[in-house]
>>> print(open('query_12.csv').read())   # CSV, C-alpha atoms and all ligand atoms
chain,number,residue,atom,x,y,z
F,1,MET,CA,101.5,123.3,100.4
F,2,GLN,CA,98.3,121.3,99.8
F,3,ILE,CA,98.6,117.5,100.5
F,4,PRO,CA,95.5,115.4,99.6
F,5,PHE,CA,94.7,112.4,101.7
F,6,ASN,CA,94.8,110.1,98.6
F,7,ARG,CA,95.6,110.6,95.0
F,8,LEU,CA,94.7,108.4,92.0
F,9,PHE,CA,97.7,106.5,90.7
F,10,LEU,CA,97.5,105.5,87.0
F,11,THR,CA,99.8,102.8,85.7
F,12,GLY,CA,99.6,104.3,82.2
F,13,ARG,CA,97.8,101.5,80.4
F,14,GLU,CA,94.2,102.3,81.6
F,15,LEU,CA,93.0,104.2,78.5
F,16,GLU,CA,94.7,101.7,76.1
F,17,LEU,CA,92.9,98.7,77.6
F,18,ILE,CA,89.5,100.6,77.8
F,19,LYS,CA,89.9,101.5,74.1
F,20,ASP,CA,90.6,97.9,73.4
F,21,ALA,CA,87.5,96.8,75.3
F,22,ILE,CA,85.4,99.2,73.2
F,23,ASN,CA,87.0,98.0,70.0
F,24,ARG,CA,86.2,94.4,70.9
F,25,GLU,CA,82.6,95.6,71.6
F,26,SER,CA,83.1,94.1,75.1
F,27,ILE,CA,81.4,96.6,77.4
F,28,THR,CA,78.8,94.5,79.3
F,29,GLY,CA,79.6,92.2,82.3
F,30,ALA,CA,81.4,88.9,82.1
F,31,GLY,CA,83.4,90.1,79.0
F,32,TYR,CA,87.0,89.8,77.8
F,33,TYR,CA,88.6,91.9,80.5
F,34,THR,CA,86.4,90.6,83.3
F,35,ARG,CA,87.6,87.1,82.5
F,36,MET,CA,91.2,88.4,82.3
F,37,ALA,CA,91.0,90.1,85.7
F,38,GLN,CA,89.3,87.1,87.3
F,39,GLN,CA,91.9,84.7,85.8
F,40,TRP,CA,94.7,87.0,86.9
F,41,LEU,CA,93.4,87.0,90.5
F,42,GLU,CA,92.8,83.2,90.5
F,43,GLU,CA,96.4,82.6,89.4
F,44,LYS,CA,97.9,85.1,91.8
F,45,LEU,CA,95.8,84.0,94.8
F,46,LEU,CA,95.8,80.3,93.9
F,47,ALA,CA,92.0,80.6,94.3
F,48,ASP,CA,89.3,78.2,93.1
F,49,LYS,CA,87.2,80.9,91.5
F,50,VAL,CA,87.0,84.7,91.6
F,51,PHE,CA,84.0,86.8,90.5
F,52,LEU,CA,84.4,90.5,89.7
F,53,THR,CA,81.6,92.6,91.3
F,54,THR,CA,80.6,96.2,91.2
F,55,SER,CA,81.9,96.8,94.7
F,56,ALA,CA,83.1,95.0,97.9
F,57,THR,CA,79.6,95.8,99.1
F,58,GLY,CA,78.3,93.7,96.3
F,59,ALA,CA,80.8,90.9,97.0
F,60,LEU,CA,79.7,90.9,100.7
F,61,GLU,CA,76.0,90.7,99.6
F,62,MET,CA,76.8,87.8,97.3
F,63,ALA,CA,78.7,86.0,100.0
F,64,VAL,CA,75.8,86.4,102.4
F,65,LEU,CA,73.4,85.1,99.7
F,66,LEU,CA,75.7,82.1,99.3
F,67,CYS,CA,75.6,81.4,103.0
F,68,GLY,CA,71.8,81.2,102.9
F,69,LEU,CA,71.3,83.3,106.0
F,70,LYS,CA,67.8,83.8,107.3
F,71,PRO,CA,66.0,85.8,110.0
F,72,GLY,CA,67.2,84.6,113.4
F,73,ASP,CA,70.7,83.8,112.2
F,74,GLU,CA,73.6,85.8,113.7
F,75,VAL,CA,76.8,87.0,112.2
F,76,ILE,CA,79.7,88.2,114.3
F,77,MET,CA,81.8,91.2,113.0
F,78,PRO,CA,83.7,94.1,114.5
F,79,SER,CA,81.8,97.4,115.2
F,80,PHE,CA,85.0,99.0,113.9
F,81,THR,CA,84.3,98.6,110.2
F,82,PHE,CA,82.6,100.2,107.2
F,83,VAL,CA,78.8,100.0,107.1
F,84,SER,CA,78.7,97.5,104.2
F,85,THR,CA,79.9,94.7,106.4
F,86,ALA,CA,76.8,95.0,108.5
F,87,ASN,CA,74.4,96.1,105.7
F,88,ALA,CA,75.0,92.9,103.7
F,89,VAL,CA,74.0,90.8,106.7
F,90,LEU,CA,70.9,92.9,107.5
F,91,ARG,CA,69.6,92.6,104.0
F,92,SER,CA,69.4,88.9,104.4
F,93,GLY,CA,67.2,89.3,107.5
F,94,ALA,CA,70.0,88.0,109.8
F,95,ARG,CA,71.4,90.0,112.7
F,96,PRO,CA,74.9,91.6,112.9
F,97,ILE,CA,76.4,90.9,116.3
F,98,PHE,CA,79.3,93.3,117.0
F,99,ALA,CA,82.5,92.3,118.8
F,100,GLU,CA,85.4,94.2,120.3
F,101,ILE,CA,88.7,94.8,118.6
F,102,ASN,CA,92.2,94.1,120.1
F,103,ALA,CA,94.5,97.0,121.0
F,104,GLN,CA,97.4,95.7,118.8
F,105,THR,CA,95.9,95.6,115.3
F,106,PHE,CA,92.3,97.0,115.8
F,107,ASN,CA,91.2,93.6,114.3
F,108,LEU,CA,88.6,91.3,116.0
F,109,ASP,CA,89.4,90.3,119.6
F,110,VAL,CA,89.1,86.5,119.2
F,111,GLU,CA,88.2,86.0,122.9
F,112,ASP,CA,85.3,88.4,122.6
F,113,VAL,CA,84.2,86.7,119.4
F,114,ALA,CA,84.2,83.3,121.3
F,115,ARG,CA,82.0,84.8,124.1
F,116,ARG,CA,79.4,85.9,121.5
F,117,ILE,CA,79.1,82.6,119.7
F,118,ASN,CA,75.8,80.7,120.3
F,119,HIS,CA,73.6,78.2,118.5
F,120,ASN,CA,72.3,81.0,116.1
F,121,THR,CA,75.8,82.0,115.0
F,122,ARG,CA,76.1,81.1,111.3
F,123,ALA,CA,79.1,83.2,110.2
F,124,ILE,CA,82.0,85.4,111.3
F,125,ILE,CA,83.2,88.4,109.2
F,126,PRO,CA,86.7,89.3,110.1
F,127,VAL,CA,87.8,92.7,108.7
F,128,HIS,CA,91.5,92.9,107.9
F,129,TYR,CA,91.9,96.5,109.0
F,130,ALA,CA,94.5,98.6,107.1
F,131,GLY,CA,95.5,95.4,105.1
F,132,VAL,CA,96.9,93.8,108.3
F,133,ALA,CA,95.8,90.2,108.9
F,134,CYS,CA,93.4,89.1,111.6
F,135,ASP,CA,94.6,86.2,113.8
F,136,MET,CA,93.1,83.7,111.3
F,137,ASP,CA,94.2,80.4,112.9
F,138,ALA,CA,92.4,81.4,116.1
F,139,LEU,CA,89.2,82.4,114.2
F,140,LEU,CA,89.3,79.2,112.1
F,141,ASN,CA,89.6,77.2,115.3
F,142,LEU,CA,86.5,78.7,116.7
F,143,ALA,CA,84.6,78.4,113.4
F,144,ARG,CA,85.6,74.9,112.1
F,145,SER,CA,84.5,73.1,115.3
F,146,ARG,CA,81.0,74.6,115.0
F,147,ASP,CA,80.2,74.7,111.3
F,148,ILE,CA,80.4,78.5,111.2
F,149,THR,CA,81.3,80.1,107.8
F,150,ILE,CA,84.1,82.7,107.6
F,151,ILE,CA,83.6,85.5,105.2
F,152,GLU,CA,86.8,87.7,105.1
F,153,ASP,CA,86.1,91.4,104.6
F,154,ALA,CA,89.4,91.8,102.8
F,155,ALA,CA,88.1,95.1,101.1
F,156,GLN,CA,91.4,96.8,102.1
F,157,ALA,CA,93.6,93.8,102.0
F,158,LEU,CA,94.3,92.5,98.4
F,159,ASN,CA,98.0,91.5,98.1
F,160,ALA,CA,98.5,91.3,101.9
F,161,THR,CA,99.2,87.9,103.6
F,162,TYR,CA,98.7,85.9,106.8
F,163,LYS,CA,101.5,83.3,107.3
F,164,GLY,CA,102.2,83.5,103.6
F,165,SER,CA,98.6,83.0,102.4
F,166,TYR,CA,96.8,85.9,100.7
F,167,LEU,CA,94.1,87.5,102.8
F,168,GLY,CA,90.7,86.7,101.2
F,169,THR,CA,91.7,83.1,100.5
F,170,ILE,CA,91.7,81.7,104.0
F,171,GLY,CA,88.0,81.7,105.0
F,172,GLU,CA,85.3,80.0,102.8
F,173,LEU,CA,84.7,83.4,101.1
F,174,GLY,CA,86.7,86.6,100.7
F,175,CYS,CA,85.7,90.1,99.5
F,176,TYR,CA,87.9,92.7,97.9
F,177,SER,CA,87.3,96.4,97.0
F,178,PHE,CA,88.6,98.3,94.0
F,179,HIS,CA,87.0,101.5,95.1
F,180,GLY,CA,88.9,104.7,94.3
F,181,THR,CA,90.2,105.0,97.8
F,182,LYS,CA,91.7,101.5,97.8
F,183,ASN,CA,95.3,100.4,96.7
F,184,TYR,CA,94.3,98.9,93.4
F,185,THR,CA,91.2,100.5,91.8
F,186,CYS,CA,88.8,100.9,89.0
F,187,GLY,CA,86.8,103.6,90.6
F,188,GLU,CA,84.0,101.4,91.8
F,189,GLY,CA,84.6,97.6,91.9
F,190,GLY,CA,85.1,94.5,93.9
F,191,ALA,CA,85.7,90.8,93.8
F,192,LEU,CA,84.4,87.7,95.6
F,193,VAL,CA,86.8,84.8,96.1
F,194,ILE,CA,85.3,81.4,96.4
F,195,ASN,CA,87.6,79.1,98.5
F,196,GLN,CA,85.2,76.3,98.9
F,197,ALA,CA,84.7,74.3,95.6
F,198,GLU,CA,81.1,73.3,96.5
F,199,LEU,CA,80.0,77.0,96.5
F,200,LYS,CA,81.3,77.7,93.0
F,201,GLU,CA,78.4,76.6,90.8
F,202,ARG,CA,75.7,78.4,92.9
F,203,ALA,CA,77.9,81.5,93.1
F,204,GLU,CA,78.0,81.6,89.3
F,205,VAL,CA,74.2,81.5,89.1
F,206,ILE,CA,73.8,84.2,91.8
F,207,TRP,CA,76.4,86.4,89.9
F,208,GLU,CA,74.4,86.0,86.7
F,209,LYS,CA,71.1,87.3,88.0
F,210,GLY,CA,70.0,83.9,89.1
F,211,THR,CA,70.4,82.2,85.7
F,212,ASP,CA,72.7,79.6,84.3
F,213,ARG,CA,73.9,81.9,81.5
F,214,GLN,CA,77.6,81.1,82.2
F,215,ARG,CA,76.8,77.4,81.4
F,216,PHE,CA,75.0,78.5,78.3
F,217,LEU,CA,78.0,80.6,77.2
F,218,ALA,CA,80.2,77.5,77.8
F,219,GLY,CA,77.9,75.4,75.6
F,220,GLU,CA,76.8,73.2,78.4
F,221,VAL,CA,73.1,74.0,78.1
F,222,ASP,CA,71.2,75.0,74.9
F,223,ARG,CA,69.4,78.0,76.5
F,224,TYR,CA,69.7,79.7,79.8
F,225,THR,CA,66.9,80.0,82.4
F,226,TRP,CA,66.1,81.2,85.9
F,227,ARG,CA,67.6,78.8,88.5
F,228,ASP,CA,68.0,80.5,91.8
F,229,ILE,CA,68.0,83.9,93.6
F,230,GLY,CA,70.5,86.3,92.1
F,231,SER,CA,71.3,89.9,91.2
F,232,SER,CA,73.3,92.0,88.8
F,233,PHE,CA,76.7,91.8,90.4
F,234,ALA,CA,79.0,91.9,87.4
F,235,PRO,CA,80.7,95.3,86.5
F,236,SER,CA,81.0,96.6,83.0
F,237,ASP,CA,83.9,95.3,81.0
F,238,ILE,CA,85.1,98.9,80.6
F,239,LEU,CA,85.8,99.0,84.3
F,240,ALA,CA,87.4,95.6,84.2
F,241,ALA,CA,89.8,96.9,81.5
F,242,PHE,CA,90.8,99.7,83.8
F,243,LEU,CA,91.2,97.2,86.6
F,244,CYS,CA,93.5,95.0,84.5
F,245,ALA,CA,95.8,97.9,83.9
F,246,GLN,CA,96.1,98.3,87.7
F,247,LEU,CA,96.4,94.6,88.6
F,248,GLN,CA,99.3,94.3,86.2
F,249,GLU,CA,101.2,96.8,88.5
F,250,THR,CA,100.2,95.6,92.0
F,251,SER,CA,103.8,95.1,93.0
F,252,THR,CA,104.8,98.6,91.8
F,253,ILE,CA,101.8,100.1,93.7
F,254,THR,CA,102.5,98.1,96.9
F,255,ASN,CA,106.3,98.9,96.8
F,256,ARG,CA,105.7,102.6,96.4
F,257,ARG,CA,103.2,102.6,99.3
F,258,GLN,CA,105.6,100.6,101.4
F,259,ARG,CA,108.3,103.2,100.8
F,260,VAL,CA,106.0,106.0,102.1
F,261,TYR,CA,104.8,103.9,105.0
F,262,GLN,CA,108.3,103.0,106.1
F,263,ARG,CA,109.5,106.5,106.0
F,264,TYR,CA,106.6,107.7,108.2
F,265,TYR,CA,107.4,104.9,110.6
F,266,ARG,CA,111.2,105.7,110.7
F,267,GLU,CA,110.8,109.4,111.1
F,268,LEU,CA,107.9,109.3,113.6
F,269,LYS,CA,109.6,106.7,115.9
F,270,PRO,CA,111.3,109.4,118.0
F,271,LEU,CA,107.9,111.0,118.7
F,272,GLN,CA,106.6,107.6,119.9
F,273,GLU,CA,109.6,107.4,122.2
F,274,GLU,CA,108.7,110.8,123.6
F,275,GLY,CA,105.1,109.5,124.2
F,276,LEU,CA,103.5,111.9,121.8
F,277,LEU,CA,102.0,109.2,119.6
F,278,GLN,CA,101.7,105.5,119.0
F,279,LEU,CA,102.7,103.9,115.7
F,280,PRO,CA,101.0,100.8,114.1
F,281,ASN,CA,101.9,97.3,115.2
F,282,ILE,CA,102.2,94.6,112.6
F,283,PRO,CA,102.2,91.0,114.0
F,284,ASP,CA,104.9,88.6,112.8
F,285,TYR,CA,102.2,86.5,111.0
F,286,ALA,CA,101.1,89.5,108.8
F,287,GLU,CA,102.7,91.0,105.7
F,288,PRO,CA,100.6,94.1,105.0
F,289,ASN,CA,99.8,95.9,101.7
F,290,TYR,CA,100.4,99.3,103.2
F,291,HIS,CA,96.8,100.5,102.7
F,292,ILE,CA,96.7,102.8,105.6
F,293,PHE,CA,99.2,104.7,107.7
F,294,TYR,CA,97.7,105.7,111.0
F,295,ILE,CA,98.9,107.1,114.3
F,296,VAL,CA,97.2,107.0,117.7
F,297,LEU,CA,97.2,110.2,119.7
F,298,PRO,CA,97.2,110.2,123.5
F,299,SER,CA,93.6,111.5,123.8
F,300,PRO,CA,90.6,112.3,121.6
F,301,VAL,CA,91.0,116.0,122.3
F,302,ARG,CA,94.6,115.9,121.2
F,303,ARG,CA,93.6,113.9,118.0
F,304,ASN,CA,91.0,116.5,117.1
F,305,MET,CA,93.4,119.4,117.7
F,306,VAL,CA,96.1,117.8,115.6
F,307,MET,CA,93.7,117.0,112.8
F,308,VAL,CA,92.3,120.6,112.7
F,309,GLU,CA,95.8,122.1,112.8
F,310,LEU,CA,97.0,119.8,110.0
F,311,HIS,CA,94.0,120.9,107.9
F,312,ASN,CA,94.9,124.5,108.6
F,313,ARG,CA,98.3,123.7,107.1
F,314,GLY,CA,96.8,122.1,104.0
F,315,ILE,CA,97.2,118.5,105.0
F,316,ALA,CA,94.1,116.3,104.6
F,317,ALA,CA,94.6,113.9,107.5
F,318,THR,CA,91.4,112.0,108.4
F,319,PHE,CA,89.9,109.5,110.8
F,320,HIS,CA,87.4,106.6,110.6
F,321,PHE,CA,85.4,104.5,111.4
F,322,VAL,CA,82.5,105.9,113.5
F,323,PRO,CA,81.9,102.6,115.4
F,324,LEU,CA,78.7,101.1,113.9
F,325,HIS,CA,77.3,100.4,117.4
F,326,THR,CA,77.2,104.1,118.2
F,327,SER,CA,75.4,105.1,114.9
F,328,PRO,CA,71.6,105.7,114.7
F,329,MET,CA,71.3,102.3,113.0
F,330,GLY,CA,73.4,100.7,115.7
F,331,ALA,CA,70.9,102.1,118.3
F,332,ARG,CA,68.0,100.6,116.3
F,333,LEU,CA,69.8,97.2,116.7
F,334,GLY,CA,69.9,97.7,120.4
F,335,TYR,CA,73.5,99.0,120.9
F,336,LYS,CA,74.6,102.1,122.8
F,337,ALA,CA,77.8,104.1,123.4
F,338,GLY,CA,79.9,102.3,126.0
F,339,ASP,CA,79.2,98.8,124.7
F,340,PHE,CA,82.7,98.5,123.1
F,341,PRO,CA,85.2,100.7,125.0
F,342,LEU,CA,88.3,99.9,123.0
F,343,THR,CA,86.6,100.4,119.7
F,344,GLU,CA,85.3,103.8,120.8
F,345,GLU,CA,88.6,104.8,122.2
F,346,PHE,CA,90.7,104.0,119.2
F,347,SER,CA,88.2,105.4,116.8
F,348,ASN,CA,88.5,108.7,118.7
F,349,ARG,CA,92.3,108.7,119.0
F,350,LEU,CA,93.2,107.5,115.5
F,351,LEU,CA,94.5,109.7,112.8
F,352,ARG,CA,95.2,108.6,109.2
F,353,LEU,CA,98.0,110.4,107.4
F,354,PRO,CA,98.1,111.0,103.6
F,355,ILE,CA,99.6,108.0,101.7
F,356,TYR,CA,99.6,107.4,98.0
F,357,PRO,CA,102.0,105.7,95.5
F,358,ASP,CA,103.5,108.8,94.0
F,359,MET,CA,103.8,110.9,97.2
F,360,SER,CA,107.0,112.9,96.7
F,361,ASP,CA,109.7,113.3,99.3
F,362,THR,CA,109.0,117.0,99.6
F,363,GLU,CA,105.3,116.3,100.2
F,364,GLN,CA,106.0,113.7,102.9
F,365,GLU,CA,108.7,115.8,104.5
F,366,TYR,CA,106.1,118.6,104.8
F,367,VAL,CA,103.6,116.3,106.5
F,368,ILE,CA,106.2,114.9,108.9
F,369,GLU,CA,107.5,118.4,109.8
F,370,GLN,CA,104.1,119.9,110.3
F,371,LEU,CA,102.9,117.0,112.4
F,372,ARG,CA,106.1,117.1,114.6
F,373,GLU,CA,105.5,120.9,115.1
F,374,CYS,CA,101.9,120.4,116.1
F,375,LEU,CA,102.6,117.6,118.5
F,376,GLU,CA,105.5,119.4,120.2
F,377,GLN,CA,103.5,122.6,120.5
F,378,PHE,CA,100.4,120.8,122.0
F,379,SER,CA,102.5,118.8,124.4
F,380,HIS,CA,103.6,122.1,126.1
F,381,ASP,CA,100.0,123.3,126.5
P,401,LIG,C1,86.0,100.0,101.4
P,401,LIG,C2,85.4,99.0,102.3
P,401,LIG,C3,84.2,98.4,102.0
P,401,LIG,C4,83.3,98.7,100.9
P,401,LIG,O1,83.9,98.7,99.6
P,401,LIG,P1,83.1,99.2,98.3
P,401,LIG,O2,83.9,98.6,97.2
P,401,LIG,O3,83.1,100.7,98.3
P,401,LIG,O4,81.7,98.6,98.4
P,401,LIG,C5,83.8,97.3,102.9
P,401,LIG,N1,84.5,97.0,104.0
P,401,LIG,C6,85.6,97.6,104.3
P,401,LIG,C7,86.4,97.2,105.5
P,401,LIG,C8,86.1,98.7,103.5
P,401,LIG,O5,87.2,99.3,103.9
>>> encode(input="query_12.csv", output="structure tokens")
Amino acid sequence: MQIPFNRLFLTGRELELIKDAINRESITGAGYYTRMAQQWLEEKLLADKVFLTTSATGALEMAVLLCGLKPGDEVIMPSFTFVSTANAVLRSGARPIFAEINAQTFNLDVEDVARRINHNTRAIIPVHYAGVACDMDALLNLARSRDITIIEDAAQALNATYKGSYLGTIGELGCYSFHGTKNYTCGEGGALVINQAELKERAEVIWEKGTDRQRFLAGEVDRYTWRDIGSSFAPSDILAAFLCAQLQETSTITNRRQRVYQRYYRELKPLQEEGLLQLPNIPDYAEPNYHIFYIVLPSPVRRNMVMVELHNRGIAATFHFVPLHTSPMGARLGYKAGDFPLTEEFSNRLLRLPIYPDMSDTEQEYVIEQLRECLEQFSHD
């Protein structure tokens, strides 16, 4: 049996809405379906303003522009993240400062963040790994007393909450991804959530290539002109139409993923009790969106053996992230292996199992059975 790591889940309305976008001749950015998706998100999240972007990378870049970062400024983030978190900061000339993760959720270790704050610190970018919330109250406490902006990298975390608030709506700015590997997708896409009203007007200009075109369209000015720095952040309305078809079914998608997640958890629990693996921890304050199901193996060697063996049996289990501080670019920033021991250890012991909304019972049984077999076999070596 071949089990992919991820499989595109269609809600059934994607083509219909794309066709409608074309019939409306709405194919550029900021069109009918873009406004619909933004409004849908604003109402769901109770957010001031949401801008669709071409990716979470774009949303992070927009957030960084809004913060007005400059050379010499520092931004604290985990090393255990995707490259875009750090690239967005580097592009502004500011410096990414990596911090350690905690062993419970693989999210930022707040005490380590506190140690790295100095008079150059302008922002913190918490990453909600696997759609499980960071300890936001602790981070807000650190930031608010010092005028530090919080940009949530909620790329994996739409529809997940912290103490009942949606992730992405807690810091000043929040970034989502609709990349094909994420829960709710349009292939390539993202969104920036503006949670601080003062940032809204400037965000609109940055989103519109540095112009006040949105005010022109609203009839507030008689022509539009260059006002500020900006870029082309808006996706085509064709993609927004696809996204609307997905957003309408976020609960269906989340519930289906939850079912798969909980079954893995239930059936692998006995293996945890035998000490063969460690299952994810979800703190009481977090309601996840079941983006990732991972296990932690007892050693890097065991992880690699299990991964290869699962691949041999047709199961596309994967790992991530290569810690940013151990990459060639990390070295250019002055970091080296050994700087963040927990990050390195978990990145080397973590294994992600296939999870997608329409995973069948047969497929999942196969994964669980093969994994159990590998683990029991290796534990006798
Ligand atoms: C996926 C991801 C991104 C990038 O998302 P894109 O939409 O592909 O740009 C950024 N940060 C994290 C944590 C991610 O998982």
>>> closest_atom_pairs(input="query_12.csv", of="chain F", to="ligand LIG 401 (chain P)", cutoff="10 Å", atoms="only C-alpha atoms and all ligand atoms", output="Markdown table")
| residue | atom | partner | partner_atom | distance |
| --- | --- | --- | --- | --- |
| F:Thr53 | CA | P:LIG401 | O2 | 8.7 |
| F:Thr54 | CA | P:LIG401 | O2 | 7.3 |
| F:Ser55 | CA | P:LIG401 | O2 | 3.7 |
| F:Ala56 | CA | P:LIG401 | O2 | 3.8 |
| F:Thr57 | CA | P:LIG401 | O4 | 3.6 |
| F:Gly58 | CA | P:LIG401 | O4 | 6.3 |
| F:Ala59 | CA | P:LIG401 | O4 | 7.9 |
| F:Leu60 | CA | P:LIG401 | C5 | 7.9 |
| F:Glu61 | CA | P:LIG401 | O4 | 9.8 |
| F:Pro78 | CA | P:LIG401 | C7 | 9.9 |
| F:Phe80 | CA | P:LIG401 | C7 | 8.7 |
| F:Thr81 | CA | P:LIG401 | C7 | 5.3 |
| F:Phe82 | CA | P:LIG401 | N1 | 4.9 |
| F:Val83 | CA | P:LIG401 | C5 | 7.1 |
| F:Ser84 | CA | P:LIG401 | C5 | 5.3 |
| F:Thr85 | CA | P:LIG401 | N1 | 5.7 |
| F:Ala86 | CA | P:LIG401 | N1 | 9.1 |
| F:Asn87 | CA | P:LIG401 | C5 | 9.9 |
| F:Ala88 | CA | P:LIG401 | C5 | 9.9 |
| F:Pro126 | CA | P:LIG401 | C7 | 9.1 |
| F:Val127 | CA | P:LIG401 | C7 | 5.7 |
| F:His128 | CA | P:LIG401 | C7 | 7.1 |
| F:Tyr129 | CA | P:LIG401 | C7 | 6.6 |
| F:Ala130 | CA | P:LIG401 | O5 | 8.0 |
| F:Gly131 | CA | P:LIG401 | O5 | 9.2 |
| F:Glu152 | CA | P:LIG401 | C7 | 9.5 |
| F:Asp153 | CA | P:LIG401 | N1 | 5.9 |
| F:Ala154 | CA | P:LIG401 | C7 | 6.7 |
| F:Ala155 | CA | P:LIG401 | C8 | 4.8 |
| F:Gln156 | CA | P:LIG401 | O5 | 5.2 |
| F:Ala157 | CA | P:LIG401 | O5 | 8.6 |
| F:Cys175 | CA | P:LIG401 | C5 | 8.2 |
| F:Tyr176 | CA | P:LIG401 | O2 | 7.2 |
| F:Ser177 | CA | P:LIG401 | O2 | 4.1 |
| F:Phe178 | CA | P:LIG401 | O2 | 5.7 |
| F:His179 | CA | P:LIG401 | O2 | 4.7 |
| F:Gly180 | CA | P:LIG401 | O3 | 8.1 |
| F:Thr181 | CA | P:LIG401 | C1 | 7.5 |
| F:Lys182 | CA | P:LIG401 | C1 | 6.9 |
| F:Thr185 | CA | P:LIG401 | O2 | 9.3 |
| F:Cys186 | CA | P:LIG401 | O2 | 9.8 |
| F:Gly187 | CA | P:LIG401 | O2 | 8.8 |
| F:Glu188 | CA | P:LIG401 | O2 | 6.1 |
| F:Gly189 | CA | P:LIG401 | O2 | 5.4 |
| F:Gly190 | CA | P:LIG401 | O2 | 5.4 |
| F:Ala191 | CA | P:LIG401 | O2 | 8.7 |
| F:His291 | CA | P:LIG401 | O5 | 9.7 |
| F:His320 | CA | P:LIG401 | O5 | 9.9 |
| F:Phe321 | CA | P:LIG401 | O5 | 9.3 |
>>> write_last_selection(input="query_12.csv", atoms="C-alpha atoms", output="PDB file, in the coordinates of the input")
ATOM      1  CA  THR F  53      81.600  92.600  91.300  1.00  0.00           C
ATOM      2  CA  THR F  54      80.600  96.200  91.200  1.00  0.00           C
ATOM      3  CA  SER F  55      81.900  96.800  94.700  1.00  0.00           C
ATOM      4  CA  ALA F  56      83.100  95.000  97.900  1.00  0.00           C
ATOM      5  CA  THR F  57      79.600  95.800  99.100  1.00  0.00           C
ATOM      6  CA  GLY F  58      78.300  93.700  96.300  1.00  0.00           C
ATOM      7  CA  ALA F  59      80.800  90.900  97.000  1.00  0.00           C
ATOM      8  CA  LEU F  60      79.700  90.900 100.700  1.00  0.00           C
ATOM      9  CA  GLU F  61      76.000  90.700  99.600  1.00  0.00           C
ATOM     10  CA  PRO F  78      83.700  94.100 114.500  1.00  0.00           C
ATOM     11  CA  PHE F  80      85.000  99.000 113.900  1.00  0.00           C
ATOM     12  CA  THR F  81      84.300  98.600 110.200  1.00  0.00           C
ATOM     13  CA  PHE F  82      82.600 100.200 107.200  1.00  0.00           C
ATOM     14  CA  VAL F  83      78.800 100.000 107.100  1.00  0.00           C
ATOM     15  CA  SER F  84      78.700  97.500 104.200  1.00  0.00           C
ATOM     16  CA  THR F  85      79.900  94.700 106.400  1.00  0.00           C
ATOM     17  CA  ALA F  86      76.800  95.000 108.500  1.00  0.00           C
ATOM     18  CA  ASN F  87      74.400  96.100 105.700  1.00  0.00           C
ATOM     19  CA  ALA F  88      75.000  92.900 103.700  1.00  0.00           C
ATOM     20  CA  PRO F 126      86.700  89.300 110.100  1.00  0.00           C
ATOM     21  CA  VAL F 127      87.800  92.700 108.700  1.00  0.00           C
ATOM     22  CA  HIS F 128      91.500  92.900 107.900  1.00  0.00           C
ATOM     23  CA  TYR F 129      91.900  96.500 109.000  1.00  0.00           C
ATOM     24  CA  ALA F 130      94.500  98.600 107.100  1.00  0.00           C
ATOM     25  CA  GLY F 131      95.500  95.400 105.100  1.00  0.00           C
ATOM     26  CA  GLU F 152      86.800  87.700 105.100  1.00  0.00           C
ATOM     27  CA  ASP F 153      86.100  91.400 104.600  1.00  0.00           C
ATOM     28  CA  ALA F 154      89.400  91.800 102.800  1.00  0.00           C
ATOM     29  CA  ALA F 155      88.100  95.100 101.100  1.00  0.00           C
ATOM     30  CA  GLN F 156      91.400  96.800 102.100  1.00  0.00           C
ATOM     31  CA  ALA F 157      93.600  93.800 102.000  1.00  0.00           C
ATOM     32  CA  CYS F 175      85.700  90.100  99.500  1.00  0.00           C
ATOM     33  CA  TYR F 176      87.900  92.700  97.900  1.00  0.00           C
ATOM     34  CA  SER F 177      87.300  96.400  97.000  1.00  0.00           C
ATOM     35  CA  PHE F 178      88.600  98.300  94.000  1.00  0.00           C
ATOM     36  CA  HIS F 179      87.000 101.500  95.100  1.00  0.00           C
ATOM     37  CA  GLY F 180      88.900 104.700  94.300  1.00  0.00           C
ATOM     38  CA  THR F 181      90.200 105.000  97.800  1.00  0.00           C
ATOM     39  CA  LYS F 182      91.700 101.500  97.800  1.00  0.00           C
ATOM     40  CA  THR F 185      91.200 100.500  91.800  1.00  0.00           C
ATOM     41  CA  CYS F 186      88.800 100.900  89.000  1.00  0.00           C
ATOM     42  CA  GLY F 187      86.800 103.600  90.600  1.00  0.00           C
ATOM     43  CA  GLU F 188      84.000 101.400  91.800  1.00  0.00           C
ATOM     44  CA  GLY F 189      84.600  97.600  91.900  1.00  0.00           C
ATOM     45  CA  GLY F 190      85.100  94.500  93.900  1.00  0.00           C
ATOM     46  CA  ALA F 191      85.700  90.800  93.800  1.00  0.00           C
ATOM     47  CA  HIS F 291      96.800 100.500 102.700  1.00  0.00           C
ATOM     48  CA  HIS F 320      87.400 106.600 110.600  1.00  0.00           C
ATOM     49  CA  PHE F 321      85.400 104.500 111.400  1.00  0.00           C
TER      50      PHE F 321
END
>>> closest_residue(input="query_12.csv", among="F:Phe346, F:Tyr224, F:Phe216, F:Trp207", to="F:Leu65", atoms="all atoms listed in the file")
F:Trp207
>>> atom_distance(input="query_12.csv", atom1="atom CA of F:Leu90", atom2="atom CA of F:Val322")
18.4 Å
>>> residues_near_point(input="query_12.csv", point="(88.1, 91.9, 80.5)", cutoff="12 Å", atoms="only C-alpha atoms", output="number ranges by chain")
F: 17-22, 24-40, 51-52, 234-245, 247
>>> residues_around(input="query_12.csv", residues="stretch 302-316 of chain F", least_positions_apart="2", cutoff="12 Å", atoms="all atoms listed in the file", output="number ranges by chain")
F: 1-7, 276-278, 294-300, 318-319, 345-355, 363-381
